[in-house]
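Worksheet for the structure shown next.
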Amino acid sequence: MKRLKLWALDKGWSEYEYENISDLLNEFQKRFITIGNGVSIGNGASIGYGALIGDRALIGNGASIGNGASIGNGASIGNGASIGNGASIGNGALIGDRALIGDGALIIKSIYITGSRHTINWYGTGVIHIGCIKETIDWWKENYEEIGINNDYTSAQIEEYHNYILICGQLQNEIK
């Protein structure tokens, strides 16, 4: 049995147990939540009032989708990630585990890279997450070498992550 939290205007978050998505269709209709075909929703996920989740989207365990948020077709939301109220995540976007996308954010491009030491996340917001450090692209360009040395990266790994930072910078420039 899976558990899901749904937002209701009159009583806030309520938890429901279900076997499959079709068991929840009536609850979705009450909350103006639209779920596309082939969607997978993880255990303990929360879906806000008026949310729109596209075909084949994957919502991880414990993920939170805010009121009025829109998740595109084929998007993947990681375990424990939080998508803010009114945020829009584009088709095919990959949002990493425990990522936080703020209220009203518009994510049209994103990348998630599994590097040799840590994961790299970029969501088109001018910020890169490498491991547990979240900073602007410009900050990373200035500090990547020092951070790598302080975290015992080899020179090859420092260069690897520098290249990831440059890729994120190029992608960011394309959406300005």
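By order in the structure tokens, chains are A, B, ...; within a chain, residues start at 1; ligands start at 1, following the order shown.
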
Kindly provide the residues of stretch 6-85 of chain A that approach stretch 89-103 of chain A to within 8 Å, each paired with its closest atom pair and their distance in Å to one decimal, based on only C-alpha atoms, listed by chain and increasing number, as JSON lines.
{"residue": "A:Ala63", "atom": "CA", "partner": "A:Arg98", "partner_atom": "CA", "distance": 7.9}
{"residue": "A:Gly66", "atom": "CA", "partner": "A:Asp103", "partner_atom": "CA", "distance": 7.9}
{"residue": "A:Ser70", "atom": "CA", "partner": "A:Ile89", "partner_atom": "CA", "distance": 6.0}
{"residue": "A:Ile71", "atom": "CA", "partner": "A:Ile89", "partner_atom": "CA", "distance": 4.9}
{"residue": "A:Gly72", "atom": "CA", "partner": "A:Asn91", "partner_atom": "CA", "distance": 4.0}
{"residue": "A:Asn73", "atom": "CA", "partner": "A:Asn91", "partner_atom": "CA", "distance": 4.7}
{"residue": "A:Gly74", "atom": "CA", "partner": "A:Gly92", "partner_atom": "CA", "distance": 4.6}
{"residue": "A:Ala75", "atom": "CA", "partner": "A:Gly92", "partner_atom": "CA", "distance": 4.2}
{"residue": "A:Ser76", "atom": "CA", "partner": "A:Leu94", "partner_atom": "CA", "distance": 4.8}
{"residue": "A:Ile77", "atom": "CA", "partner": "A:Ile95", "partner_atom": "CA", "distance": 4.8}
{"residue": "A:Gly78", "atom": "CA", "partner": "A:Asp97", "partner_atom": "CA", "distance": 4.0}
{"residue": "A:Asn79", "atom": "CA", "partner": "A:Asp97", "partner_atom": "CA", "distance": 4.7}
{"residue": "A:Gly80", "atom": "CA", "partner": "A:Arg98", "partner_atom": "CA", "distance": 4.5}
{"residue": "A:Ala81", "atom": "CA", "partner": "A:Arg98", "partner_atom": "CA", "distance": 4.0}
{"residue": "A:Ser82", "atom": "CA", "partner": "A:Leu100", "partner_atom": "CA", "distance": 4.8}
{"residue": "A:Ile83", "atom": "CA", "partner": "A:Ile101", "partner_atom": "CA", "distance": 4.8}
{"residue": "A:Gly84", "atom": "CA", "partner": "A:Asp103", "partner_atom": "CA", "distance": 4.0}
{"residue": "A:Asn85", "atom": "CA", "partner": "A:Asp103", "partner_atom": "CA", "distance": 4.7}

Subject >> Who sits within 10 Å of A:Cys132, only C-alpha atoms, same chain under 4 positions skipped, as a ChimeraX atom specification >> reply: /A:118-120

Please write the residues from the selection above to a file, keeping N, CA and C atoms, as a PDB file, in the first residue's frame.
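Writing done, so here's selection10.pdb:
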ATOM      1  N   HIS A 118      30.801  13.626  -7.116  1.00  0.00           N
ATOM      2  CA  HIS A 118      29.510  14.133  -6.663  1.00  0.00           C
ATOM      3  C   HIS A 118      28.597  14.365  -7.862  1.00  0.00           C
ATOM      4  N   THR A 119      27.293  14.486  -7.584  1.00  0.00           N
ATOM      5  CA  THR A 119      26.351  14.811  -8.648  1.00  0.00           C
ATOM      6  C   THR A 119      26.371  16.313  -8.901  1.00  0.00           C
ATOM      7  N   ILE A 120      25.966  16.681 -10.122  1.00  0.00           N
ATOM      8  CA  ILE A 120      25.885  18.076 -10.540  1.00  0.00           C
ATOM      9  C   ILE A 120      24.458  18.307 -11.003  1.00  0.00           C
TER      10      ILE A 120
END

Subject >> Nearest to A:Ser110 by atom-to-atom distance, counting only C-alpha atoms, from A:Gln172, A:Ser64, A:Gln157, A:Asn151 >> reply: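 Looking only at the distances to A:Ser110, the closest residue turns out to be A:Gln172.
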
**OP:** Quick one: pick out all alpha helix (DSSP H) residues within stretch 7-108 of chain A from a backbone DSSP run and write them as a list in words.
**Re:** Leu25, Asn26, Glu27, Phe28, Gln29 and Lys30 of chain A

Original post:
Quick one: distance from atom CA of A:Gln29 to atom CA of A:Gly50 in Å, one decimal?
Top reply: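 Here the two named atoms are 9.3 Å from each other.
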
Original post:
Among chain A, which ones does DSSP place in strand (DSSP E or B), written as a PyMOL selection string?
Top reply: chain A and resi 2-8+12-18+34-35+40-41+45-47+52-53+58-59+64-65+70-71+76-77+82-83+88-89+94-95+100-101+106-107+111-114+119-122+127-130+133-136

Subject >> Separation of atom CA of A:Ile41 from atom CA of A:Ser88, in Å and rounded to one decimal >> reply: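 Those two atoms sit 17.7 Å apart.
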
**OP:** Please identify all polymer residues within 12 Å of A:Arg31, counting only C-alpha atoms, omitting same-chain residues fewer than 6 positions from it, and present them as a PyMOL selection string.
**Re:** chain A and resi 5-14+24-25+47-52+67-68
